[in-house]
$ cat my_file_11.cif   # mmCIF, C-alpha atoms
data_structure
#
loop_
_atom_site.label_atom_id
_atom_site.label_comp_id
_atom_site.auth_asym_id
_atom_site.auth_seq_id
_atom_site.Cartn_x
_atom_site.Cartn_y
_atom_site.Cartn_z
CA MET A 17 47.87 139.70 52.15
CA GLN A 18 45.16 137.32 50.95
CA ILE A 19 45.20 135.57 47.58
CA GLU A 20 42.21 133.93 45.92
CA GLN A 21 41.59 131.70 42.89
CA GLU A 22 38.48 130.14 41.38
CA PHE A 23 38.39 126.46 40.45
CA PHE A 24 35.97 124.43 38.29
CA ILE A 25 34.90 121.05 39.70
CA ARG A 26 35.62 118.36 37.12
CA VAL A 27 34.24 114.82 36.93
CA GLN A 28 37.53 113.47 38.31
CA ASP A 29 37.16 115.78 41.34
CA VAL A 30 34.12 114.02 42.81
CA GLY A 31 33.58 110.76 44.68
CA LEU A 32 30.53 109.02 46.11
CA ASN A 33 27.23 110.79 45.41
CA ASN A 34 28.94 113.17 42.96
CA LYS A 35 30.46 115.21 45.82
CA ILE A 36 33.84 116.95 45.68
CA THR A 37 36.59 114.90 47.29
CA ASN A 38 39.04 115.88 49.97
CA LYS A 39 41.78 115.31 47.41
CA ALA A 40 40.23 117.89 45.07
CA LEU A 41 39.92 120.38 47.91
CA LEU A 42 43.58 119.83 48.84
CA GLU A 43 44.48 120.32 45.17
CA ALA A 44 42.74 123.70 45.24
CA LEU A 45 44.60 124.65 48.41
CA THR A 46 47.91 123.53 46.92
CA ASN A 47 47.33 125.53 43.76
CA VAL A 48 46.28 128.76 45.47
CA THR A 49 49.37 128.39 47.69
CA THR A 50 51.52 128.05 44.58
CA LEU A 51 49.94 131.19 43.15
CA HIS A 52 50.70 133.07 46.38
CA GLY A 53 54.33 131.90 46.28
CA ASN A 54 54.71 132.97 42.65
CA LEU A 55 53.31 136.44 43.38
CA ALA A 56 55.65 136.77 46.37
CA GLY A 57 58.71 135.86 44.28
CA GLN A 58 59.15 132.49 46.02
CA GLY A 59 57.43 130.18 43.56
CA ILE A 60 58.52 127.25 41.45
CA PHE A 61 60.32 129.49 38.96
CA ASP A 62 62.25 131.28 41.70
CA ARG A 63 63.94 128.25 43.27
CA GLU A 64 67.26 128.66 41.47
CA LYS A 65 67.46 132.29 42.61
CA ASN A 66 66.30 131.71 46.19
CA ASN A 67 67.88 128.25 46.72
CA PHE A 68 64.85 127.01 48.65
CA ALA A 69 61.48 125.40 47.99
CA TRP A 70 58.34 125.31 50.14
CA MET A 71 57.10 121.90 51.32
CA VAL A 72 53.89 121.15 53.22
CA MET A 73 54.20 119.09 56.41
CA ASN A 74 50.64 119.11 57.80
CA TRP A 75 47.10 119.74 56.66
CA LYS A 76 43.93 120.10 58.68
CA LEU A 77 40.77 120.31 56.56
CA GLU A 78 37.19 120.74 57.79
CA VAL A 79 34.42 120.38 55.20
CA TYR A 80 30.91 121.75 55.80
CA LYS A 81 29.32 121.35 52.36
CA ARG A 82 30.40 119.45 49.24
CA PRO A 83 29.66 121.01 45.83
CA LYS A 84 29.17 118.76 42.81
CA THR A 85 30.43 118.42 39.25
CA CYS A 86 30.44 121.55 37.06
CA GLU A 87 30.08 123.90 40.02
CA THR A 88 32.86 126.34 40.93
CA ILE A 89 34.64 127.03 44.20
CA LEU A 90 36.76 129.97 45.33
CA ALA A 91 39.85 129.25 47.45
CA LYS A 92 41.45 131.97 49.59
CA THR A 93 44.72 131.77 51.50
CA TRP A 94 46.91 133.90 53.71
CA ALA A 95 50.11 133.51 55.70
CA GLN A 96 49.17 133.24 59.36
CA GLU A 97 52.43 133.31 61.38
CA TYR A 98 55.86 131.68 61.52
CA SER A 99 58.34 130.46 64.10
CA GLY A 100 61.71 128.79 63.68
CA ILE A 101 61.48 126.62 60.57
CA ARG A 102 57.66 126.43 60.44
CA ALA A 103 55.29 128.72 58.60
CA TYR A 104 51.55 128.47 59.21
CA ARG A 105 49.05 129.14 56.44
CA ASP A 106 45.23 129.18 56.56
CA TYR A 107 42.50 128.84 53.94
CA GLU A 108 38.81 129.32 53.27
CA ILE A 109 36.85 127.77 50.42
CA PHE A 110 33.55 129.21 49.16
CA ASN A 111 30.90 127.77 46.86
CA GLN A 112 29.40 129.74 43.97
CA LYS A 113 26.74 131.14 46.32
CA GLY A 114 29.45 132.71 48.46
CA GLU A 115 28.96 130.27 51.36
CA ILE A 116 31.99 128.91 53.22
CA ILE A 117 32.15 125.19 52.48
CA ALA A 118 35.54 124.40 54.05
CA LYS A 119 38.33 125.79 56.20
CA ALA A 120 41.89 124.58 56.50
CA THR A 121 45.20 125.24 58.18
CA SER A 122 48.65 123.94 57.31
CA VAL A 123 52.33 123.88 58.23
CA TRP A 124 55.06 124.53 55.66
CA ILE A 125 58.85 124.46 55.75
CA ALA A 126 61.37 125.99 53.36
CA VAL A 127 63.91 123.40 52.22
CA ASN A 128 67.36 124.27 50.89
CA THR A 129 67.37 122.96 47.29
CA LYS A 130 71.07 122.02 47.48
CA THR A 131 71.20 120.28 50.87
CA GLY A 132 67.58 119.17 51.25
CA LYS A 133 67.55 120.52 54.80
CA PRO A 134 64.99 122.94 56.30
CA ILE A 135 66.12 126.54 56.69
CA ARG A 136 65.31 128.93 59.51
CA LEU A 137 62.69 131.44 58.49
CA THR A 138 63.57 135.13 58.71
CA ASP A 139 61.74 138.40 58.30
CA ASP A 140 63.43 138.81 54.91
CA ILE A 141 61.78 135.59 53.71
CA MET A 142 58.38 136.08 55.33
CA ASN A 143 57.65 139.82 55.13
CA VAL A 144 56.59 139.53 51.47
CA TYR A 145 53.52 137.55 52.61
CA LYS A 146 52.24 140.25 54.99
CA SER A 147 51.25 137.66 57.59
CA GLU A 148 47.97 137.89 59.50
CA PRO A 149 48.69 136.24 62.89
CA GLN A 150 45.36 137.49 64.24
CA HIS A 151 43.45 135.64 61.49
CA LYS A 152 43.39 131.98 62.64
CA ASN A 153 40.79 129.47 61.52
CA PHE A 154 41.34 127.15 64.47
CA PRO A 155 42.84 129.20 67.36
CA ASP A 156 42.98 126.32 69.85
CA PHE A 157 43.96 123.55 67.43
CA LYS A 158 47.33 121.80 67.58
CA PHE A 159 48.50 119.25 65.04
CA THR A 160 48.80 115.68 66.28
CA LYS A 161 52.44 114.83 67.01
CA THR A 162 52.22 111.10 67.68
CA VAL A 163 49.65 108.39 66.96
CA ASN A 164 49.44 104.92 68.44
CA THR A 165 50.09 102.65 65.44
CA ASP A 166 49.37 99.52 67.48
CA ILE A 167 45.58 99.87 67.33
CA PRO A 168 43.79 96.97 65.54
CA ILE A 169 44.21 97.07 61.76
CA LEU A 170 40.97 96.56 59.83
CA SER A 171 42.45 96.31 56.34
CA ARG A 172 45.89 96.21 54.76
CA VAL A 173 47.00 96.76 51.14
CA HIS A 174 50.34 96.77 49.34
CA PHE A 175 50.54 99.38 46.59
CA LYS A 176 53.27 100.24 44.07
CA ILE A 177 53.69 103.94 43.28
CA ASN A 178 53.11 104.78 39.62
CA LYS A 179 54.17 107.69 37.40
CA SER A 180 50.83 109.46 37.50
CA MET A 181 51.30 110.15 41.24
CA ILE A 182 54.69 111.89 40.90
CA ASP A 183 54.93 115.70 40.87
CA CYS A 184 57.59 118.22 39.80
CA ASN A 185 59.51 117.55 43.03
CA ASN A 186 59.99 113.91 41.94
CA HIS A 187 57.94 112.44 44.76
CA VAL A 188 54.28 111.59 45.35
CA HIS A 189 52.14 114.70 44.97
CA ASN A 190 50.80 115.65 48.41
CA PRO A 191 47.04 115.57 47.58
CA SER A 192 47.63 112.16 45.92
CA TYR A 193 48.10 110.66 49.37
CA MET A 194 44.30 110.70 49.46
CA ASP A 195 44.38 108.22 46.55
CA LEU A 196 46.41 105.94 48.80
CA VAL A 197 43.80 106.43 51.52
CA ASN A 198 41.05 105.31 49.14
CA GLU A 199 43.00 102.17 48.19
CA VAL A 200 42.75 100.80 51.72
CA LEU A 201 39.33 102.07 52.84
CA PRO A 202 36.51 99.48 53.07
CA GLU A 203 34.24 98.84 50.09
CA ASP A 204 31.47 101.44 49.56
CA THR A 205 33.56 103.99 51.48
CA ASP A 206 35.70 106.79 50.14
CA GLU A 207 37.29 109.92 51.53
CA THR A 208 34.11 111.99 51.08
CA CYS A 209 32.71 110.08 54.06
CA PHE A 210 35.09 112.07 56.28
CA ASN A 211 34.58 115.81 56.77
CA ASP A 212 37.44 116.44 59.17
CA ILE A 213 40.90 115.22 58.19
CA GLU A 214 44.44 115.75 59.36
CA VAL A 215 47.46 114.74 57.28
CA TYR A 216 50.97 114.43 58.67
CA TYR A 217 53.81 113.90 56.16
CA LYS A 218 57.03 112.43 57.54
CA LYS A 219 59.07 111.12 54.59
CA GLU A 220 58.56 111.58 50.86
CA ILE A 221 57.63 108.63 48.63
CA THR A 222 59.29 108.22 45.23
CA LEU A 223 58.48 106.46 41.96
CA HIS A 224 58.18 102.64 41.96
CA GLU A 225 58.33 102.38 45.75
CA GLU A 226 55.96 99.83 47.22
CA VAL A 227 54.07 101.08 50.25
CA LEU A 228 52.06 99.28 52.88
CA LEU A 229 48.69 100.90 53.59
CA GLU A 230 46.91 100.14 56.86
CA TYR A 231 43.43 101.26 57.87
CA ALA A 232 42.38 101.33 61.52
CA ALA A 233 39.61 102.82 63.62
CA ASP A 234 39.49 103.86 67.26
CA GLY A 235 36.14 105.20 68.42
CA LYS A 236 35.06 108.06 66.14
CA LYS A 237 38.52 108.40 64.58
CA SER A 238 39.79 106.50 61.56
CA TYR A 239 43.43 106.25 60.59
CA VAL A 240 45.43 105.38 57.51
CA PHE A 241 49.11 104.63 58.06
CA ILE A 242 51.33 104.79 54.99
CA TRP A 243 54.48 102.73 55.53
CA ASP A 244 57.37 101.59 53.42
CA GLU A 245 57.21 97.99 52.21
CA SER A 246 58.95 96.55 55.28
CA LYS A 247 56.93 98.66 57.73
CA SER A 248 60.09 100.22 59.12
CA VAL A 249 59.47 103.80 57.91
CA LEU A 250 56.19 105.67 58.39
CA HIS A 251 55.77 107.96 55.39
CA ALA A 252 52.53 109.63 56.47
CA THR A 253 49.52 109.39 58.75
CA VAL A 254 46.00 110.46 57.84
CA ILE A 255 43.50 110.97 60.65
CA MET A 256 39.82 111.18 59.69
CA TYR A 257 36.59 111.94 61.58
#

$ encode --input "my_file_11.cif" --output "structure tokens"
Amino acid sequence: MQIEQEFFIRVQDVGLNNKITNKALLEALTNVTTLHGNLAGQGIFDREKNNFAWMVMNWKLEVYKRPKTCETILAKTWAQEYSGIRAYRDYEIFNQKGEIIAKATSVWIAVNTKTGKPIRLTDDIMNVYKSEPQHKNFPDFKFTKTVNTDIPILSRVHFKINKSMIDCNNHVHNPSYMDLVNEVLPEDTDETCFNDIEVYYKKEITLHEEVLLEYAADGKKSYVFIWDESKSVLHATVIMY
């Protein structure tokens, strides 16, 4: 079962050269996912009944064209497959001409709202999505499991989390991690310079926490490591090409 939703590109959704940002694209993906969950009876308003909430663990986003302010995009999503505690979901984004401008894949887990622990996915949970395991955007792709964090750091920034970054789950909104990426990127560079990104979330970040942002590059790949203040906990890694 595929779900689609149209989105209007606002001024705050663009970066350098008036082009839509990766954050705005991830926002569209997050919102169409939320719509799918609501229609399936597993949305935000169903948490008390179901006792679980969906959380994203990984994104992979490939961007082919970047629309500009006041244009519209159409985001489509579908459940791909699931195994154990992980559910895989794919996406396509179209411009107003009907051209595909981006594709994405993601990993989600269902977390027990009382214990905070992931739950094993069953047919009873997943059948409502009418998964399409044959419909994979990146058939041979596998999410990066480990990254060498000892590569030379090119820039480093300390940043204190503010209220505007916190979502209804009381932690930093997932697309807002791209704001943290922009804080540490070199001058005259923003996330729109990267058309292939992978995000790996490891531990949530809450209000007023101070994080350490590190930017590194290794060949064609760039990395942003998001640590806690003491650099003992890695909250997330963003890999960019």

$ atom_distance --input "my_file_11.cif" --atom1 "CA of Gly31 in chain A" --atom2 "CA of Phe157 in chain A"
28.1 Å

$ closest_residue --input "my_file_11.cif" --among "A:Trp70, A:Phe110, A:Phe159, A:Tyr193" --to "Glu20 in chain A" --atoms "only C-alpha atoms"
A:Phe110

$ resolve_selection --input "my_file_11.cif" --expression "the PyMOL selection byres ((chain A and resi 91-106) around 6)" --output "JSON, numbers by chain"
{"A": [18, 19, 20, 21, 90, 107, 108, 109, 120, 121, 122, 123, 124, 125, 136, 137, 147, 148, 149]}

$ write_last_selection --input "my_file_11.cif" --atoms "C-alpha atoms" --output "PDB file, in the coordinates of the input"
ATOM      1  CA  GLN A  18      45.160 137.320  50.950  1.00  0.00           C
ATOM      2  CA  ILE A  19      45.200 135.570  47.580  1.00  0.00           C
ATOM      3  CA  GLU A  20      42.210 133.930  45.920  1.00  0.00           C
ATOM      4  CA  GLN A  21      41.590 131.700  42.890  1.00  0.00           C
ATOM      5  CA  LEU A  90      36.760 129.970  45.330  1.00  0.00           C
ATOM      6  CA  TYR A 107      42.500 128.840  53.940  1.00  0.00           C
ATOM      7  CA  GLU A 108      38.810 129.320  53.270  1.00  0.00           C
ATOM      8  CA  ILE A 109      36.850 127.770  50.420  1.00  0.00           C
ATOM      9  CA  ALA A 120      41.890 124.580  56.500  1.00  0.00           C
ATOM     10  CA  THR A 121      45.200 125.240  58.180  1.00  0.00           C
ATOM     11  CA  SER A 122      48.650 123.940  57.310  1.00  0.00           C
ATOM     12  CA  VAL A 123      52.330 123.880  58.230  1.00  0.00           C
ATOM     13  CA  TRP A 124      55.060 124.530  55.660  1.00  0.00           C
ATOM     14  CA  ILE A 125      58.850 124.460  55.750  1.00  0.00           C
ATOM     15  CA  ARG A 136      65.310 128.930  59.510  1.00  0.00           C
ATOM     16  CA  LEU A 137      62.690 131.440  58.490  1.00  0.00           C
ATOM     17  CA  SER A 147      51.250 137.660  57.590  1.00  0.00           C
ATOM     18  CA  GLU A 148      47.970 137.890  59.500  1.00  0.00           C
ATOM     19  CA  PRO A 149      48.690 136.240  62.890  1.00  0.00           C
TER      20      PRO A 149
END

$ resolve_selection --input "my_file_11.cif" --expression "the PyMOL selection byres ((chain A and resi 85) around 6)" --output "number ranges by chain"
A: 25-27, 84, 86-87

$ closest_residue --input "my_file_11.cif" --among "A:Thr138, A:Tyr145, A:Lys113, A:Phe241" --to "Gly57 in chain A" --atoms "all atoms listed in the file"
A:Tyr145

$ residues_around --input "my_file_11.cif" --residues "Leu32 in chain A" --least-positions-apart "2" --cutoff "10 Å" --atoms "all atoms listed in the file" --output "compact mmCIF listing (two decimals) with C-alpha atoms, keeping the file's coordinate frame"
# COMPACT_ATOMS: atom_id res chain seq x y z
CA VAL A 30 34.12 114.02 42.81
CA ASN A 34 28.94 113.17 42.96
CA LYS A 35 30.46 115.21 45.82
CA ILE A 36 33.84 116.95 45.68
CA THR A 37 36.59 114.90 47.29
CA ASP A 204 31.47 101.44 49.56
CA THR A 205 33.56 103.99 51.48
CA ASP A 206 35.70 106.79 50.14
CA GLU A 207 37.29 109.92 51.53
CA THR A 208 34.11 111.99 51.08
CA CYS A 209 32.71 110.08 54.06

$ atom_distance --input "my_file_11.cif" --atom1 "CA of Gly235 in chain A" --atom2 "CA of Phe210 in chain A"
14.0 Å

$ atom_distance --input "my_file_11.cif" --atom1 "CA of Ser171 in chain A" --atom2 "CA of Leu41 in chain A"
25.6 Å

$ closest_residue --input "my_file_11.cif" --among "A:Phe24, A:Tyr257, A:Phe61, A:Phe68" --to "Thr88 in chain A" --atoms "only C-alpha atoms"
A:Phe24

$ resolve_selection --input "my_file_11.cif" --expression "the PyMOL selection byres ((chain A and resi 222) around 7)" --output "CSV table (one decimal) with C-alpha atoms, keeping the file's coordinate frame"
chain,number,residue,atom,x,y,z
A,186,ASN,CA,60.0,113.9,41.9
A,187,HIS,CA,57.9,112.4,44.8
A,188,VAL,CA,54.3,111.6,45.4
A,220,GLU,CA,58.6,111.6,50.9
A,221,ILE,CA,57.6,108.6,48.6
A,223,LEU,CA,58.5,106.5,42.0
A,224,HIS,CA,58.2,102.6,42.0
A,225,GLU,CA,58.3,102.4,45.8

$ closest_residue --input "my_file_11.cif" --among "A:Glu115, A:Ile169, A:Arg82, A:Val144" --to "His52 in chain A" --atoms "all atoms listed in the file"
A:Val144
